[in-house]
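Participant: Supplied structure: data_8.cif, mmCIF, C-alpha atoms.
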```
data_data
#
loop_
_atom_site.label_atom_id
_atom_site.label_comp_id
_atom_site.auth_asym_id
_atom_site.auth_seq_id
_atom_site.Cartn_x
_atom_site.Cartn_y
_atom_site.Cartn_z
CA MET A 1 0.00 0.00 0.00
CA LYS A 2 1.44 3.36 -1.05
CA LYS A 3 2.27 5.63 1.86
CA ILE A 4 0.63 9.08 1.78
CA LYS A 5 3.17 11.90 1.77
CA THR A 6 3.31 14.11 4.84
CA ARG A 7 2.36 17.18 2.78
CA ASP A 8 -0.79 15.47 1.52
CA ARG A 9 -1.62 14.23 5.02
CA ILE A 10 -1.38 17.82 6.29
CA LEU A 11 -3.77 19.00 3.59
CA ASN A 12 -6.22 16.15 4.19
CA THR A 13 -6.17 16.61 7.97
CA SER A 14 -6.51 20.38 7.69
CA LEU A 15 -9.50 20.06 5.37
CA LEU A 16 -11.17 17.63 7.75
CA LEU A 17 -10.61 19.93 10.74
CA PHE A 18 -11.61 23.10 8.86
CA ASN A 19 -14.86 21.46 7.76
CA SER A 20 -15.74 20.01 11.16
CA LEU A 21 -14.61 22.83 13.48
CA GLY A 22 -14.57 25.89 11.22
CA GLU A 23 -11.35 27.32 9.76
CA PRO A 24 -10.98 30.15 12.34
CA ASN A 25 -11.03 27.58 15.19
CA VAL A 26 -8.19 25.47 13.79
CA THR A 27 -4.54 26.27 14.51
CA THR A 28 -1.38 24.75 13.05
CA LEU A 29 -0.71 23.29 16.52
CA LEU A 30 -4.08 21.53 16.46
CA ILE A 31 -3.31 20.15 12.98
CA SER A 32 0.10 18.83 14.05
CA ASP A 33 -1.40 17.34 17.24
CA GLU A 34 -4.12 15.61 15.23
CA MET A 35 -1.46 14.14 12.93
CA GLU A 36 0.90 13.32 15.82
CA ILE A 37 3.77 15.18 14.17
CA SER A 38 5.89 18.04 15.47
CA PRO A 39 4.95 21.64 14.61
CA GLY A 40 8.38 21.92 13.01
CA ASN A 41 7.55 19.08 10.63
CA LEU A 42 4.38 20.90 9.63
CA TYR A 43 6.21 24.21 9.15
CA TYR A 44 8.73 22.44 6.94
CA HIS A 45 5.91 21.91 4.42
CA PHE A 46 3.74 24.99 5.12
CA LYS A 47 5.02 28.19 6.67
CA SER A 48 1.58 29.21 7.95
CA LYS A 49 -2.07 28.17 8.12
CA GLY A 50 -2.69 30.67 5.32
CA ASP A 51 -0.46 28.62 3.01
CA ILE A 52 -2.56 25.53 3.78
CA VAL A 53 -5.79 27.42 3.11
CA GLU A 54 -4.43 28.74 -0.19
CA GLU A 55 -3.38 25.29 -1.41
CA LEU A 56 -6.77 23.83 -0.48
CA PHE A 57 -8.43 26.73 -2.29
CA GLN A 58 -6.31 26.00 -5.35
CA ALA A 59 -7.62 22.41 -5.43
CA TYR A 60 -11.19 23.66 -4.94
CA GLU A 61 -10.74 26.28 -7.67
CA ALA A 62 -9.44 23.76 -10.22
CA GLU A 63 -12.33 21.39 -9.50
CA MET A 64 -14.97 24.12 -9.76
CA LEU A 65 -13.62 25.73 -12.94
CA ASP A 66 -13.50 22.33 -14.64
CA LEU A 67 -17.07 21.56 -13.57
CA LEU A 68 -18.40 24.99 -14.62
CA ALA A 69 -16.93 24.85 -18.14
CA VAL A 70 -20.33 24.15 -19.74
CA PRO A 71 -20.27 24.24 -23.61
CA GLU A 72 -22.52 27.05 -24.84
CA ASP A 73 -24.02 24.97 -27.66
CA ALA A 74 -24.80 21.88 -25.58
CA ASP A 75 -28.39 20.65 -25.40
CA VAL A 76 -28.55 19.47 -21.80
CA PRO A 77 -31.46 17.24 -20.66
CA LEU A 78 -32.93 17.78 -17.21
CA ASP A 79 -31.49 14.56 -15.78
CA GLN A 80 -27.98 15.69 -16.75
CA PHE A 81 -28.69 19.08 -15.15
CA SER A 82 -29.60 17.35 -11.88
CA PHE A 83 -26.37 15.31 -12.09
CA PHE A 84 -24.43 18.54 -12.69
CA LEU A 85 -26.02 20.05 -9.58
CA HIS A 86 -25.14 16.96 -7.57
CA LEU A 87 -21.47 17.21 -8.59
CA LEU A 88 -21.53 20.93 -7.82
CA PHE A 89 -22.94 20.43 -4.31
CA GLU A 90 -20.52 17.57 -3.64
CA ALA A 91 -17.62 19.89 -4.50
CA VAL A 92 -19.02 22.58 -2.20
CA ALA A 93 -19.45 19.99 0.58
CA ARG A 94 -15.83 18.84 0.22
CA TYR A 95 -14.61 22.40 0.79
CA ARG A 96 -17.52 23.61 2.89
CA PHE A 97 -15.30 25.50 5.34
CA LEU A 98 -15.00 28.18 2.63
CA TYR A 99 -18.77 28.59 2.43
CA GLN A 100 -19.72 28.25 6.09
CA ASP A 101 -17.96 31.50 6.97
CA LEU A 102 -17.44 32.89 3.49
CA VAL A 103 -17.12 36.64 4.11
CA ASN A 104 -14.80 36.24 7.10
CA VAL A 105 -12.58 33.67 5.38
CA LEU A 106 -12.16 35.85 2.30
CA SER A 107 -11.54 38.95 4.42
CA ARG A 108 -8.64 37.20 6.15
CA TYR A 109 -7.17 35.81 2.93
CA ASP A 110 -7.56 38.75 0.58
CA ARG A 111 -5.53 37.08 -2.17
CA LEU A 112 -8.42 34.65 -2.61
CA GLN A 113 -11.12 37.29 -3.05
CA VAL A 114 -10.63 37.94 -6.77
CA ARG A 115 -10.34 34.22 -7.47
CA PHE A 116 -13.55 33.43 -5.58
CA ARG A 117 -15.41 36.23 -7.40
CA ARG A 118 -14.28 34.66 -10.67
CA ILE A 119 -15.77 31.33 -9.59
CA LEU A 120 -18.97 33.12 -8.55
CA LYS A 121 -19.20 34.71 -11.99
CA LYS A 122 -18.57 31.35 -13.66
CA LYS A 123 -21.43 29.82 -11.69
CA GLY A 124 -23.85 32.45 -12.93
CA GLU A 125 -22.63 32.03 -16.50
CA ALA A 126 -22.98 28.24 -16.32
CA PHE A 127 -26.56 28.49 -15.06
CA LYS A 128 -27.40 30.96 -17.84
CA VAL A 129 -25.98 28.61 -20.48
CA LEU A 130 -27.94 25.68 -19.06
CA CYS A 131 -31.23 27.61 -18.84
CA GLU A 132 -30.77 28.94 -22.37
CA SER A 133 -30.29 25.33 -23.46
CA PHE A 134 -33.65 24.47 -21.89
CA ARG A 135 -35.28 27.41 -23.70
CA ARG A 136 -33.69 26.36 -26.99
CA GLN A 137 -35.06 22.83 -26.53
CA GLY A 138 -38.53 24.25 -25.85
CA ILE A 139 -38.82 22.83 -22.33
CA MET A 140 -38.53 26.16 -20.49
CA SER A 141 -40.51 29.36 -20.96
CA ILE A 142 -38.97 32.36 -19.24
CA ALA A 143 -38.55 36.05 -20.05
CA GLU A 144 -35.06 37.51 -20.28
CA GLU A 145 -35.34 39.57 -17.09
CA GLU A 146 -36.74 36.55 -15.20
CA LEU A 147 -33.87 34.42 -16.53
CA ALA A 148 -31.31 36.83 -15.05
CA SER A 149 -33.11 36.72 -11.70
CA LEU A 150 -33.36 32.91 -11.76
CA CYS A 151 -29.64 32.50 -12.51
CA GLU A 152 -28.81 34.86 -9.66
CA GLN A 153 -31.06 32.87 -7.32
CA LEU A 154 -29.43 29.60 -8.39
CA THR A 155 -25.98 31.06 -7.78
CA LEU A 156 -27.07 32.44 -4.41
CA THR A 157 -28.46 29.07 -3.32
CA VAL A 158 -25.26 27.23 -4.23
CA CYS A 159 -23.16 29.76 -2.29
CA TYR A 160 -25.19 29.86 0.91
CA TRP A 161 -26.81 26.43 1.08
CA SER A 162 -23.83 25.03 3.00
CA SER A 163 -24.24 27.68 5.72
CA PHE A 164 -27.97 27.01 5.95
CA ASP A 165 -27.41 23.25 6.09
CA THR A 166 -24.78 23.66 8.81
CA LEU A 167 -27.18 25.80 10.89
CA SER A 168 -29.65 22.93 10.65
CA HIS A 169 -27.04 20.49 12.02
CA LEU A 170 -24.92 22.51 14.44
CA GLU A 171 -24.61 19.48 16.70
CA ASP A 172 -23.02 17.50 13.84
CA ARG A 173 -21.26 19.43 11.08
CA GLU A 174 -20.58 16.19 9.26
CA ALA A 175 -24.32 15.64 8.68
CA VAL A 176 -24.35 17.66 5.48
CA ASP A 177 -26.55 16.39 2.67
CA PRO A 178 -25.79 17.69 -0.85
CA GLY A 179 -28.99 16.00 -2.05
CA ARG A 180 -31.19 18.45 -0.14
CA GLY A 181 -29.48 21.33 -1.92
CA VAL A 182 -30.03 19.68 -5.30
CA TYR A 183 -33.71 19.20 -4.43
CA GLN A 184 -34.15 22.89 -3.63
CA MET A 185 -32.28 23.99 -6.76
CA LEU A 186 -34.38 21.81 -9.05
CA HIS A 187 -37.58 23.22 -7.59
CA LEU A 188 -36.47 26.77 -8.44
CA LEU A 189 -36.88 25.76 -12.09
CA LEU A 190 -40.38 24.27 -11.73
CA PRO A 191 -42.49 27.37 -12.52
CA TYR A 192 -40.73 27.85 -15.87
CA LEU A 193 -40.99 24.30 -17.25
CA ASP A 194 -43.77 22.81 -19.34
CA ASP A 195 -46.11 20.24 -17.77
CA ASP A 196 -44.27 17.12 -18.94
CA GLU A 197 -40.91 18.45 -17.80
CA GLN A 198 -42.39 19.50 -14.45
CA ASP A 199 -43.53 15.91 -13.89
CA GLN A 200 -40.08 14.61 -14.84
CA LEU A 201 -38.35 17.09 -12.56
CA ARG A 202 -40.57 16.18 -9.59
CA LEU A 203 -39.70 12.51 -10.07
CA THR A 204 -36.00 13.31 -10.44
CA SER A 205 -35.90 15.68 -7.47
CA HIS A 206 -37.29 13.06 -5.07
CA ILE A 207 -34.17 10.96 -5.68
CA TYR A 208 -32.27 13.68 -3.82
CA TYR A 209 -34.86 14.41 -1.13
CA ARG A 210 -34.03 13.33 2.44
#
```
Give the structure from the file, written as structure tokens.
Facilitator:
Amino acid sequence: MKKIKTRDRILNTSLLLFNSLGEPNVTTLLISDEMEISPGNLYYHFKSKGDIVEELFQAYEAEMLDLLAVPEDADVPLDQFSFFLHLLFEAVARYRFLYQDLVNVLSRYDRLQVRFRRILKKKGEAFKVLCESFRRQGIMSIAEEELASLCEQLTLTVCYWSSFDTLSHLEDREAVDPGRGVYQMLHLLLPYLDDDEQDQLRLTSHIYYR
């Protein structure tokens, strides 16, 4: 069995602690204690907690930008849209420490602010491309100004669902359920779909309901 490198163990342990305790409550000493290594060993790989946060953000950023690269000419069926949402919420859940205290985290690590805003913009653009695909296929009827509002609402829900879900499970931060977020997102589309697609979406959404 291949041994995990110390650097990767630090990142994995830090992510676990950030997600379960909240990033502001985790120190480099706590990380080294959890790993049963010396603080000096940790500092050999990362000079500060900020360096750990930045490397985790880099992994999150790469995953999100790859996922949000939706081809503009793609005709996406609703079931693929629900799968896209599931992947999106799983990525958010993996790095949920960023979202659970988003404003404060970004205020402390100002180098990440521009990069996060770029991801935020990409989310809105991806939702617009997907909704325009539904309109092009004739399964969605929505005015242009309503489309802009819907895409903003979808983006807002993705960004703040993790915080809402955490507030619902303060006694157990690990009890996050990406499926509940997918369910809510799918139902934002309901009023704009034709009858057949509404029935399909209701059936699909209940797969994710808990």
Participant: Using Å and a single decimal, report how far CA of Leu130 (chain A) sits from CA of Val76 (chain A).
Facilitator: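 Here the two named atoms are 6.8 Å from each other.
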Participant: So that I can check the surroundings of Trp161 (chain A), please list as a list in words every protein, DNA and RNA residue that reaches within 10 Å of it, counting all atoms listed in the file and ignoring chain neighbours fewer than 2 positions away.
Facilitator: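 Near neighbours after the sequence-gap exclusion: Phe89, Val92, Ala93, Arg96, Tyr99, Gln100, Leu156, Thr157, Val158, Cys159, Ser163, Phe164, Asp165, Thr166, Leu167, Pro178, Arg180, Gly181, Val182, Gln184 and Met185 of chain A.
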Participant: Quick one: which residues end up in the PyMOL selection byres ((chain A and resi 14) around 10) for this structure, as JSON, numbers by chain?
Facilitator: {"A": [8, 9, 10, 11, 12, 13, 15, 16, 17, 18, 19, 20, 23, 26, 27, 28, 30, 31, 32, 34, 35, 49, 52, 53, 56]}
Participant: Provide the CA of Ile4 (chain A) to CA of Glu61 (chain A) distance in Å, to one decimal place.
Facilitator: 22.7 Å
Participant: Between CA of Asn104 (chain A) and CA of Phe46 (chain A), what is the distance in Å, rounded to a tenth?
Facilitator: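 Between CA of Asn104 (chain A) and CA of Phe46 (chain A) the gap works out to 21.8 Å.
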Participant: Between A:Leu154, A:Leu98, A:Leu193, A:Leu188, which has the minimum distance to Gly138 (chain A) (counting all atoms listed in the file)?
Facilitator: A:Leu193
Participant: With all atoms listed in the file as the basis for distance, which of A:Ser38, A:Val103, A:Glu146, A:Tyr109 is at the shortest distance from Cys131 (chain A)?
Facilitator: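 Looking at the shortest contact to Cys131 (chain A), the residue is A:Glu146.
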Participant: Tell me, as a list in words, which residues lie within 9 Å of Gln137 (chain A), counting all atoms listed in the file; anything in the same chain fewer than 4 positions away does not count.
Facilitator: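 After dropping sequence-adjacent residues, the list is Asp75, Val76, Pro77, Glu132 and Ser133 of chain A.
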Participant: Using all atoms listed in the file, which of A:Leu201, A:Val129, A:Leu112, A:Leu190 sits nearest Pro71 (chain A)?
Facilitator: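 The answer is A:Val129, which sits nearest to Pro71 (chain A).
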Participant: Looking at only C-alpha atoms, which of A:Asp73, A:Glu125, A:Glu144, A:Glu63 is the one that sits closest to Tyr95 (chain A)?
Facilitator: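 When distances to Tyr95 (chain A) are compared using only C-alpha atoms, the smallest one comes from A:Glu63.
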Participant: Using all atoms listed in the file, find the one residue out of A:Asp194, A:Asp199, A:Lys5, A:Arg135 that sits nearest to Ala74 (chain A).
Facilitator: A:Arg135
Participant: Nearest to His86 (chain A): which of A:Ile142, A:Ile119, A:Leu67, A:Leu42 is it, counting all atoms listed in the file?
Facilitator: A:Leu67
